[in-house]
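Structure file final-v4.pdb with PDB, N, CA and C atoms:
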ATOM      1  N   MET P   1      81.433 -31.045  26.067
ATOM      2  CA  MET P   1      80.547 -31.983  25.417
ATOM      3  C   MET P   1      81.373 -33.144  24.875
ATOM      4  N   ASP P   2      80.918 -34.355  25.102
ATOM      5  CA  ASP P   2      81.661 -35.549  24.708
ATOM      6  C   ASP P   2      81.138 -36.080  23.371
ATOM      7  N   ILE P   3      81.793 -35.671  22.315
ATOM      8  CA  ILE P   3      81.416 -36.112  20.969
ATOM      9  C   ILE P   3      82.597 -36.856  20.379
ATOM     10  N   LYS P   4      82.330 -38.002  19.779
ATOM     11  CA  LYS P   4      83.387 -38.844  19.228
ATOM     12  C   LYS P   4      83.167 -39.047  17.735
ATOM     13  N   VAL P   5      84.233 -39.453  17.068
ATOM     14  CA  VAL P   5      84.149 -39.769  15.643
ATOM     15  C   VAL P   5      83.157 -40.917  15.460
ATOM     16  N   GLY P   6      82.279 -40.779  14.489
ATOM     17  CA  GLY P   6      81.265 -41.793  14.221
ATOM     18  C   GLY P   6      79.904 -41.470  14.801
ATOM     19  N   ASP P   7      79.818 -40.491  15.706
ATOM     20  CA  ASP P   7      78.532 -40.079  16.266
ATOM     21  C   ASP P   7      77.721 -39.337  15.207
ATOM     22  N   ILE P   8      76.418 -39.378  15.351
ATOM     23  CA  ILE P   8      75.532 -38.599  14.485
ATOM     24  C   ILE P   8      74.918 -37.506  15.341
ATOM     25  N   ILE P   9      75.119 -36.250  14.908
ATOM     26  CA  ILE P   9      74.599 -35.114  15.665
ATOM     27  C   ILE P   9      73.418 -34.487  14.926
ATOM     28  N   THR P  10      72.474 -33.987  15.695
ATOM     29  CA  THR P  10      71.344 -33.228  15.164
ATOM     30  C   THR P  10      71.564 -31.780  15.570
ATOM     31  N   VAL P  11      71.467 -30.866  14.599
ATOM     32  CA  VAL P  11      71.728 -29.448  14.860
ATOM     33  C   VAL P  11      70.446 -28.628  14.738
ATOM     34  N   LYS P  12      70.508 -27.376  15.206
ATOM     35  CA  LYS P  12      69.351 -26.479  15.178
ATOM     36  C   LYS P  12      68.920 -26.134  13.759
ATOM     37  N   LYS P  13      69.873 -25.632  12.964
ATOM     38  CA  LYS P  13      69.543 -25.155  11.623
ATOM     39  C   LYS P  13      69.835 -26.238  10.584
ATOM     40  N   PRO P  14      68.943 -26.458   9.655
ATOM     41  CA  PRO P  14      69.175 -27.500   8.649
ATOM     42  C   PRO P  14      70.198 -27.086   7.591
ATOM     43  N   HIS P  15      70.814 -28.081   6.990
ATOM     44  CA  HIS P  15      71.694 -27.899   5.839
ATOM     45  C   HIS P  15      70.793 -27.466   4.674
ATOM     46  N   PRO P  16      71.299 -26.785   3.665
ATOM     47  CA  PRO P  16      70.451 -26.370   2.540
ATOM     48  C   PRO P  16      69.682 -27.514   1.870
ATOM     49  N   CYS P  17      70.167 -28.747   1.987
ATOM     50  CA  CYS P  17      69.455 -29.885   1.396
ATOM     51  C   CYS P  17      68.250 -30.293   2.248
ATOM     52  N   GLY P  18      68.144 -29.784   3.473
ATOM     53  CA  GLY P  18      67.002 -30.061   4.327
ATOM     54  C   GLY P  18      67.290 -30.967   5.515
ATOM     55  N   SER P  19      68.438 -31.611   5.543
ATOM     56  CA  SER P  19      68.782 -32.532   6.629
ATOM     57  C   SER P  19      69.347 -31.780   7.824
ATOM     58  N   LYS P  20      69.023 -32.263   9.030
ATOM     59  CA  LYS P  20      69.574 -31.685  10.257
ATOM     60  C   LYS P  20      70.554 -32.641  10.922
ATOM     61  N   GLU P  21      70.834 -33.796  10.297
ATOM     62  CA  GLU P  21      71.727 -34.788  10.880
ATOM     63  C   GLU P  21      73.055 -34.833  10.146
ATOM     64  N   PHE P  22      74.132 -34.907  10.946
ATOM     65  CA  PHE P  22      75.485 -34.939  10.398
ATOM     66  C   PHE P  22      76.288 -36.031  11.085
ATOM     67  N   LEU P  23      77.151 -36.691  10.322
ATOM     68  CA  LEU P  23      78.069 -37.690  10.837
ATOM     69  C   LEU P  23      79.382 -36.996  11.182
ATOM     70  N   VAL P  24      79.925 -37.251  12.360
ATOM     71  CA  VAL P  24      81.179 -36.629  12.797
ATOM     72  C   VAL P  24      82.347 -37.441  12.233
ATOM     73  N   LEU P  25      83.197 -36.778  11.433
ATOM     74  CA  LEU P  25      84.350 -37.432  10.816
ATOM     75  C   LEU P  25      85.653 -37.113  11.538
ATOM     76  N   ARG P  26      85.737 -35.943  12.179
ATOM     77  CA  ARG P  26      86.964 -35.510  12.835
ATOM     78  C   ARG P  26      86.597 -34.625  14.012
ATOM     79  N   VAL P  27      87.318 -34.786  15.110
ATOM     80  CA  VAL P  27      87.085 -33.980  16.311
ATOM     81  C   VAL P  27      88.420 -33.398  16.759
ATOM     82  N   GLY P  28      88.418 -32.138  17.116
ATOM     83  CA  GLY P  28      89.614 -31.447  17.595
ATOM     84  C   GLY P  28      89.235 -30.015  17.889
ATOM     85  N   MET P  29      90.086 -29.068  17.521
ATOM     86  CA  MET P  29      89.752 -27.653  17.661
ATOM     87  C   MET P  29      88.620 -27.284  16.724
ATOM     88  N   ASP P  30      88.505 -28.038  15.642
ATOM     89  CA  ASP P  30      87.370 -27.877  14.737
ATOM     90  C   ASP P  30      86.817 -29.258  14.423
ATOM     91  N   PHE P  31      85.601 -29.285  13.932
ATOM     92  CA  PHE P  31      84.926 -30.534  13.618
ATOM     93  C   PHE P  31      84.825 -30.665  12.104
ATOM     94  N   ARG P  32      84.953 -31.876  11.603
ATOM     95  CA  ARG P  32      84.644 -32.160  10.205
ATOM     96  C   ARG P  32      83.396 -33.024  10.248
ATOM     97  N   ILE P  33      82.322 -32.521   9.677
ATOM     98  CA  ILE P  33      81.052 -33.240   9.695
ATOM     99  C   ILE P  33      80.580 -33.478   8.268
ATOM    100  N   LYS P  34      79.767 -34.520   8.109
ATOM    101  CA  LYS P  34      79.263 -34.896   6.789
ATOM    102  C   LYS P  34      77.749 -34.996   6.861
ATOM    103  N   CYS P  35      77.064 -34.327   5.945
ATOM    104  CA  CYS P  35      75.603 -34.371   5.889
ATOM    105  C   CYS P  35      75.167 -35.796   5.570
ATOM    106  N   THR P  36      74.198 -36.312   6.320
ATOM    107  CA  THR P  36      73.746 -37.692   6.106
ATOM    108  C   THR P  36      72.838 -37.817   4.889
ATOM    109  N   LYS P  37      72.322 -36.712   4.373
ATOM    110  CA  LYS P  37      71.424 -36.769   3.221
ATOM    111  C   LYS P  37      72.169 -36.598   1.897
ATOM    112  N   CYS P  38      72.976 -35.530   1.774
ATOM    113  CA  CYS P  38      73.622 -35.248   0.487
ATOM    114  C   CYS P  38      75.104 -35.602   0.467
ATOM    115  N   GLY P  39      75.724 -35.837   1.638
ATOM    116  CA  GLY P  39      77.119 -36.236   1.682
ATOM    117  C   GLY P  39      78.127 -35.094   1.668
ATOM    118  N   HIS P  40      77.671 -33.865   1.724
ATOM    119  CA  HIS P  40      78.564 -32.700   1.721
ATOM    120  C   HIS P  40      79.337 -32.642   3.035
ATOM    121  N   GLU P  41      80.653 -32.420   2.965
ATOM    122  CA  GLU P  41      81.496 -32.337   4.155
ATOM    123  C   GLU P  41      81.800 -30.889   4.491
ATOM    124  N   ILE P  42      81.775 -30.581   5.802
ATOM    125  CA  ILE P  42      81.949 -29.219   6.287
ATOM    126  C   ILE P  42      82.954 -29.231   7.434
ATOM    127  N   MET P  43      83.837 -28.235   7.459
ATOM    128  CA  MET P  43      84.724 -28.007   8.612
ATOM    129  C   MET P  43      84.126 -26.826   9.380
ATOM    130  N   ILE P  44      83.959 -26.993  10.686
ATOM    131  CA  ILE P  44      83.359 -25.938  11.492
ATOM    132  C   ILE P  44      84.067 -25.868  12.849
ATOM    133  N   VAL P  45      84.220 -24.663  13.374
ATOM    134  CA  VAL P  45      84.901 -24.427  14.644
ATOM    135  C   VAL P  45      84.114 -25.072  15.784
ATOM    136  N   ARG P  46      84.830 -25.671  16.732
ATOM    137  CA  ARG P  46      84.211 -26.381  17.858
ATOM    138  C   ARG P  46      83.200 -25.516  18.609
ATOM    139  N   LYS P  47      83.561 -24.273  18.890
ATOM    140  CA  LYS P  47      82.682 -23.368  19.646
ATOM    141  C   LYS P  47      81.335 -23.192  18.943
ATOM    142  N   ASN P  48      81.370 -23.042  17.633
ATOM    143  CA  ASN P  48      80.135 -22.823  16.867
ATOM    144  C   ASN P  48      79.261 -24.066  16.819
ATOM    145  N   ILE P  49      79.855 -25.231  16.612
ATOM    146  CA  ILE P  49      79.046 -26.442  16.493
ATOM    147  C   ILE P  49      78.495 -26.880  17.851
ATOM    148  N   GLU P  50      79.275 -26.737  18.918
ATOM    149  CA  GLU P  50      78.790 -27.172  20.235
ATOM    150  C   GLU P  50      77.586 -26.372  20.694
ATOM    151  N   ARG P  51      77.501 -25.127  20.307
ATOM    152  CA  ARG P  51      76.365 -24.309  20.723
ATOM    153  C   ARG P  51      75.117 -24.612  19.889
ATOM    154  N   ASN P  52      75.285 -25.244  18.716
ATOM    155  CA  ASN P  52      74.156 -25.526  17.834
ATOM    156  C   ASN P  52      73.678 -26.975  17.868
ATOM    157  N   ILE P  53      74.311 -27.830  18.672
ATOM    158  CA  ILE P  53      73.916 -29.243  18.741
ATOM    159  C   ILE P  53      72.665 -29.409  19.591
ATOM    160  N   ARG P  54      71.704 -30.156  19.068
ATOM    161  CA  ARG P  54      70.467 -30.473  19.795
ATOM    162  C   ARG P  54      70.533 -31.864  20.414
ATOM    163  N   ASN P  55      71.095 -32.843  19.678
ATOM    164  CA  ASN P  55      71.081 -34.230  20.111
ATOM    165  C   ASN P  55      72.308 -34.941  19.563
ATOM    166  N   VAL P  56      72.827 -35.920  20.329
ATOM    167  CA  VAL P  56      73.952 -36.742  19.882
ATOM    168  C   VAL P  56      73.511 -38.194  19.939
ATOM    169  N   ARG P  57      73.661 -38.892  18.812
ATOM    170  CA  ARG P  57      73.313 -40.312  18.737
ATOM    171  C   ARG P  57      74.599 -41.103  18.537
ATOM    172  N   ARG P  58      74.896 -41.999  19.470
ATOM    173  CA  ARG P  58      76.105 -42.821  19.374
ATOM    174  C   ARG P  58      75.953 -43.801  18.225
ATOM    175  N   ASN P  59      77.033 -43.944  17.477
ATOM    176  CA  ASN P  59      77.026 -44.826  16.322
ATOM    177  C   ASN P  59      78.300 -45.659  16.375
ATOM    178  N   ASN P  60      78.213 -46.953  16.186
ATOM    179  CA  ASN P  60      79.364 -47.830  16.280
ATOM    180  C   ASN P  60      79.976 -48.121  14.928
ATOM    181  N   VAL P  61      79.827 -47.207  13.986
ATOM    182  CA  VAL P  61      80.378 -47.388  12.656
ATOM    183  C   VAL P  61      81.806 -46.883  12.631
ATOM    184  N   ASN P  62      82.708 -47.654  12.046
ATOM    185  CA  ASN P  62      84.089 -47.196  11.891
ATOM    186  C   ASN P  62      84.179 -46.340  10.655
ATOM    187  N   VAL P  63      84.732 -45.135  10.820
ATOM    188  CA  VAL P  63      84.834 -44.202   9.697
ATOM    189  C   VAL P  63      86.209 -44.289   9.107
TER     190      VAL P  63
END
Give the structure from the file, written as structure tokens.
Amino acid sequence: MDIKVGDIITVKKPHPCGSKEFLVLRVGMDFRIKCTKCGHEIMIVRKNIERNIRNVRRNNVNV
């Protein structure tokens, strides 16, 4: 899956705040993502996040 820093991903299960959209801050063996609603940052293993992604929206914002 081709995901880059700055993309906004939509996942299957919502964050406890209710948002399903996350901004990608770091890509590698694990992902660092930030909730677009509450701003909470999460580190998650690539295998786990790739299986839970529903949609990827390209974003031209520099992080």
Using only N, CA and C atoms and a cutoff of 6.5 Å, can you tell me which residues are near (73.1, -38.8, 15.5) in the file's coordinates, and write them out as a PyMOL selection string?
chain P and resi 7-10+21-22+55-58
Any chance you could resolve the PyMOL selection byres ((chain P and resi 19) around 8) against this file and give the residues as an mmCIF file with N, CA and C atoms, in the frame of the given file?
data_model
loop_
_atom_site.group_PDB
_atom_site.id
_atom_site.type_symbol
_atom_site.label_atom_id
_atom_site.label_comp_id
_atom_site.auth_asym_id
_atom_site.auth_seq_id
_atom_site.Cartn_x
_atom_site.Cartn_y
_atom_site.Cartn_z
ATOM 1 N N THR P 10 72.474 -33.987 15.695
ATOM 2 C CA THR P 10 71.344 -33.228 15.164
ATOM 3 C C THR P 10 71.564 -31.780 15.570
ATOM 4 N N VAL P 11 71.467 -30.866 14.599
ATOM 5 C CA VAL P 11 71.728 -29.448 14.860
ATOM 6 C C VAL P 11 70.446 -28.628 14.738
ATOM 7 N N LYS P 13 69.873 -25.632 12.964
ATOM 8 C CA LYS P 13 69.543 -25.155 11.623
ATOM 9 C C LYS P 13 69.835 -26.238 10.584
ATOM 10 N N PRO P 14 68.943 -26.458 9.655
ATOM 11 C CA PRO P 14 69.175 -27.500 8.649
ATOM 12 C C PRO P 14 70.198 -27.086 7.591
ATOM 13 N N HIS P 15 70.814 -28.081 6.990
ATOM 14 C CA HIS P 15 71.694 -27.899 5.839
ATOM 15 C C HIS P 15 70.793 -27.466 4.674
ATOM 16 N N PRO P 16 71.299 -26.785 3.665
ATOM 17 C CA PRO P 16 70.451 -26.370 2.540
ATOM 18 C C PRO P 16 69.682 -27.514 1.870
ATOM 19 N N CYS P 17 70.167 -28.747 1.987
ATOM 20 C CA CYS P 17 69.455 -29.885 1.396
ATOM 21 C C CYS P 17 68.250 -30.293 2.248
ATOM 22 N N GLY P 18 68.144 -29.784 3.473
ATOM 23 C CA GLY P 18 67.002 -30.061 4.327
ATOM 24 C C GLY P 18 67.290 -30.967 5.515
ATOM 25 N N LYS P 20 69.023 -32.263 9.030
ATOM 26 C CA LYS P 20 69.574 -31.685 10.257
ATOM 27 C C LYS P 20 70.554 -32.641 10.922
ATOM 28 N N GLU P 21 70.834 -33.796 10.297
ATOM 29 C CA GLU P 21 71.727 -34.788 10.880
ATOM 30 C C GLU P 21 73.055 -34.833 10.146
ATOM 31 N N PHE P 22 74.132 -34.907 10.946
ATOM 32 C CA PHE P 22 75.485 -34.939 10.398
ATOM 33 C C PHE P 22 76.288 -36.031 11.085
ATOM 34 N N CYS P 35 77.064 -34.327 5.945
ATOM 35 C CA CYS P 35 75.603 -34.371 5.889
ATOM 36 C C CYS P 35 75.167 -35.796 5.570
ATOM 37 N N THR P 36 74.198 -36.312 6.320
ATOM 38 C CA THR P 36 73.746 -37.692 6.106
ATOM 39 C C THR P 36 72.838 -37.817 4.889
ATOM 40 N N LYS P 37 72.322 -36.712 4.373
ATOM 41 C CA LYS P 37 71.424 -36.769 3.221
ATOM 42 C C LYS P 37 72.169 -36.598 1.897
ATOM 43 N N CYS P 38 72.976 -35.530 1.774
ATOM 44 C CA CYS P 38 73.622 -35.248 0.487
ATOM 45 C C CYS P 38 75.104 -35.602 0.467
#
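Residues with any atom within 10 Å of Ile44 in chain P, counting only C-alpha atoms and excluding same-chain neighbours fewer than 6 positions away, are Met29, Asp30, Phe31, Arg32, Ile33 and Glu50 of chain P.
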Expanded to explicit residues, what is the PyMOL selection byres (((chain P and resi 24 and name CA) around 6) and name CA) for this file, as a PyMOL selection string?
chain P and resi 5-7+23+25-26+33
Could you give me the residues within chain P that DSSP places in alpha helix (DSSP H), as a PDB file with N, CA and C atoms, in the frame of the given file?
ATOM      1  N   ARG P  46      84.830 -25.671  16.732  1.00  0.00           N
ATOM      2  CA  ARG P  46      84.211 -26.381  17.858  1.00  0.00           C
ATOM      3  C   ARG P  46      83.200 -25.516  18.609  1.00  0.00           C
ATOM      4  N   LYS P  47      83.561 -24.273  18.890  1.00  0.00           N
ATOM      5  CA  LYS P  47      82.682 -23.368  19.646  1.00  0.00           C
ATOM      6  C   LYS P  47      81.335 -23.192  18.943  1.00  0.00           C
ATOM      7  N   ASN P  48      81.370 -23.042  17.633  1.00  0.00           N
ATOM      8  CA  ASN P  48      80.135 -22.823  16.867  1.00  0.00           C
ATOM      9  C   ASN P  48      79.261 -24.066  16.819  1.00  0.00           C
ATOM     10  N   ILE P  49      79.855 -25.231  16.612  1.00  0.00           N
ATOM     11  CA  ILE P  49      79.046 -26.442  16.493  1.00  0.00           C
ATOM     12  C   ILE P  49      78.495 -26.880  17.851  1.00  0.00           C
ATOM     13  N   GLU P  50      79.275 -26.737  18.918  1.00  0.00           N
ATOM     14  CA  GLU P  50      78.790 -27.172  20.235  1.00  0.00           C
ATOM     15  C   GLU P  50      77.586 -26.372  20.694  1.00  0.00           C
ATOM     16  N   ARG P  51      77.501 -25.127  20.307  1.00  0.00           N
ATOM     17  CA  ARG P  51      76.365 -24.309  20.723  1.00  0.00           C
ATOM     18  C   ARG P  51      75.117 -24.612  19.889  1.00  0.00           C
ATOM     19  N   ASN P  52      75.285 -25.244  18.716  1.00  0.00           N
ATOM     20  CA  ASN P  52      74.156 -25.526  17.834  1.00  0.00           C
ATOM     21  C   ASN P  52      73.678 -26.975  17.868  1.00  0.00           C
TER      22      ASN P  52
END
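When atom C of Ile3 in chain P is paired with atom N of Gly28 in chain P, their separation reads 8.2 Å.
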Mind the document's chain letters and residue numbers, and return as JSON, numbers by chain the residues of range 7-63 of chain P that DSSP labels strand (DSSP E or B).
{"P": [8, 9, 10, 11, 21, 22, 23, 24, 25, 26, 30, 31, 32, 33, 34, 35, 41, 42, 43, 44, 45, 53, 54, 55, 56, 57]}
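Between CA of Lys4 in chain P and atom C of Ile49 in chain P there is a distance of 13.0 Å.
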Quick one: axis-aligned box around all listed atoms of range 43-62 of chain P, 5 Å on every side, centre and edge lengths in Å to one decimal, written as lines of an AutoDock Vina configuration file.
center_x = 77.7
center_y = -35.5
center_z = 14.1
size_x = 24.4
size_y = 35.3
size_z = 23.3
If I only have part of range 25-36 of chain P, can you fill in all heavy atoms and write it as a short mmCIF file (atom, residue, chain, number, x, y, z; two decimals), in the coordinates of the input?
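Printed below is out_5.cif as written:
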data_model
loop_
_atom_site.label_atom_id
_atom_site.label_comp_id
_atom_site.auth_asym_id
_atom_site.auth_seq_id
_atom_site.Cartn_x
_atom_site.Cartn_y
_atom_site.Cartn_z
N LEU P 25 83.20 -36.78 11.43
CA LEU P 25 84.35 -37.43 10.82
C LEU P 25 85.65 -37.11 11.54
O LEU P 25 86.60 -37.89 11.49
CB LEU P 25 84.48 -37.01 9.35
CG LEU P 25 83.29 -37.32 8.45
CD1 LEU P 25 83.53 -36.74 7.07
CD2 LEU P 25 83.05 -38.81 8.38
N ARG P 26 85.74 -35.94 12.18
CA ARG P 26 86.96 -35.51 12.84
C ARG P 26 86.60 -34.62 14.01
O ARG P 26 85.67 -33.82 13.93
CB ARG P 26 87.81 -34.71 11.84
CG ARG P 26 89.10 -34.18 12.39
CD ARG P 26 89.81 -33.38 11.28
NE ARG P 26 91.07 -32.81 11.70
CZ ARG P 26 91.21 -31.71 12.43
NH1 ARG P 26 90.16 -31.07 12.84
NH2 ARG P 26 92.40 -31.26 12.75
N VAL P 27 87.32 -34.79 15.11
CA VAL P 27 87.08 -33.98 16.31
C VAL P 27 88.42 -33.40 16.76
O VAL P 27 89.43 -34.08 16.76
CB VAL P 27 86.49 -34.84 17.45
CG1 VAL P 27 86.31 -34.02 18.70
CG2 VAL P 27 85.17 -35.45 17.02
N GLY P 28 88.42 -32.14 17.12
CA GLY P 28 89.61 -31.45 17.60
C GLY P 28 89.24 -30.02 17.89
O GLY P 28 88.16 -29.74 18.41
N MET P 29 90.09 -29.07 17.52
CA MET P 29 89.75 -27.65 17.66
C MET P 29 88.62 -27.28 16.72
O MET P 29 87.88 -26.34 16.96
CB MET P 29 90.96 -26.77 17.37
CG MET P 29 91.96 -26.74 18.50
SD MET P 29 91.26 -26.13 20.03
CE MET P 29 90.97 -24.43 19.63
N ASP P 30 88.50 -28.04 15.64
CA ASP P 30 87.37 -27.88 14.74
C ASP P 30 86.82 -29.26 14.42
O ASP P 30 87.46 -30.27 14.67
CB ASP P 30 87.77 -27.13 13.46
CG ASP P 30 89.00 -27.71 12.80
OD1 ASP P 30 89.52 -28.72 13.28
OD2 ASP P 30 89.43 -27.15 11.79
N PHE P 31 85.60 -29.28 13.93
CA PHE P 31 84.93 -30.53 13.62
C PHE P 31 84.82 -30.66 12.10
O PHE P 31 84.62 -29.68 11.40
CB PHE P 31 83.50 -30.52 14.15
CG PHE P 31 83.36 -30.86 15.60
CD1 PHE P 31 84.18 -30.29 16.56
CD2 PHE P 31 82.41 -31.77 16.01
CE1 PHE P 31 84.04 -30.60 17.89
CE2 PHE P 31 82.26 -32.09 17.34
CZ PHE P 31 83.08 -31.50 18.30
N ARG P 32 84.95 -31.88 11.60
CA ARG P 32 84.64 -32.16 10.20
C ARG P 32 83.40 -33.02 10.25
O ARG P 32 83.40 -34.10 10.86
CB ARG P 32 85.78 -32.89 9.52
CG ARG P 32 85.49 -33.12 8.06
CD ARG P 32 86.66 -33.80 7.37
NE ARG P 32 86.51 -33.60 5.95
CZ ARG P 32 87.29 -32.84 5.21
NH1 ARG P 32 88.31 -32.21 5.76
NH2 ARG P 32 87.07 -32.71 3.93
N ILE P 33 82.32 -32.52 9.68
CA ILE P 33 81.05 -33.24 9.70
C ILE P 33 80.58 -33.48 8.27
O ILE P 33 80.94 -32.74 7.35
CB ILE P 33 79.98 -32.47 10.52
CG1 ILE P 33 79.77 -31.06 9.98
CG2 ILE P 33 80.35 -32.46 11.98
CD1 ILE P 33 78.68 -30.29 10.69
N LYS P 34 79.77 -34.52 8.11
CA LYS P 34 79.26 -34.90 6.79
C LYS P 34 77.75 -35.00 6.86
O LYS P 34 77.21 -35.68 7.74
CB LYS P 34 79.86 -36.25 6.38
CG LYS P 34 79.44 -36.75 5.04
CD LYS P 34 80.16 -38.06 4.74
CE LYS P 34 79.77 -38.60 3.39
NZ LYS P 34 80.48 -39.86 3.11
N CYS P 35 77.06 -34.33 5.94
CA CYS P 35 75.60 -34.37 5.89
C CYS P 35 75.17 -35.80 5.57
O CYS P 35 75.70 -36.42 4.65
CB CYS P 35 75.11 -33.40 4.83
SG CYS P 35 73.31 -33.39 4.65
N THR P 36 74.20 -36.31 6.32
CA THR P 36 73.75 -37.69 6.11
C THR P 36 72.84 -37.82 4.89
O THR P 36 72.63 -38.93 4.40
CB THR P 36 73.00 -38.23 7.34
OG1 THR P 36 71.91 -37.37 7.65
CG2 THR P 36 73.93 -38.32 8.54
#
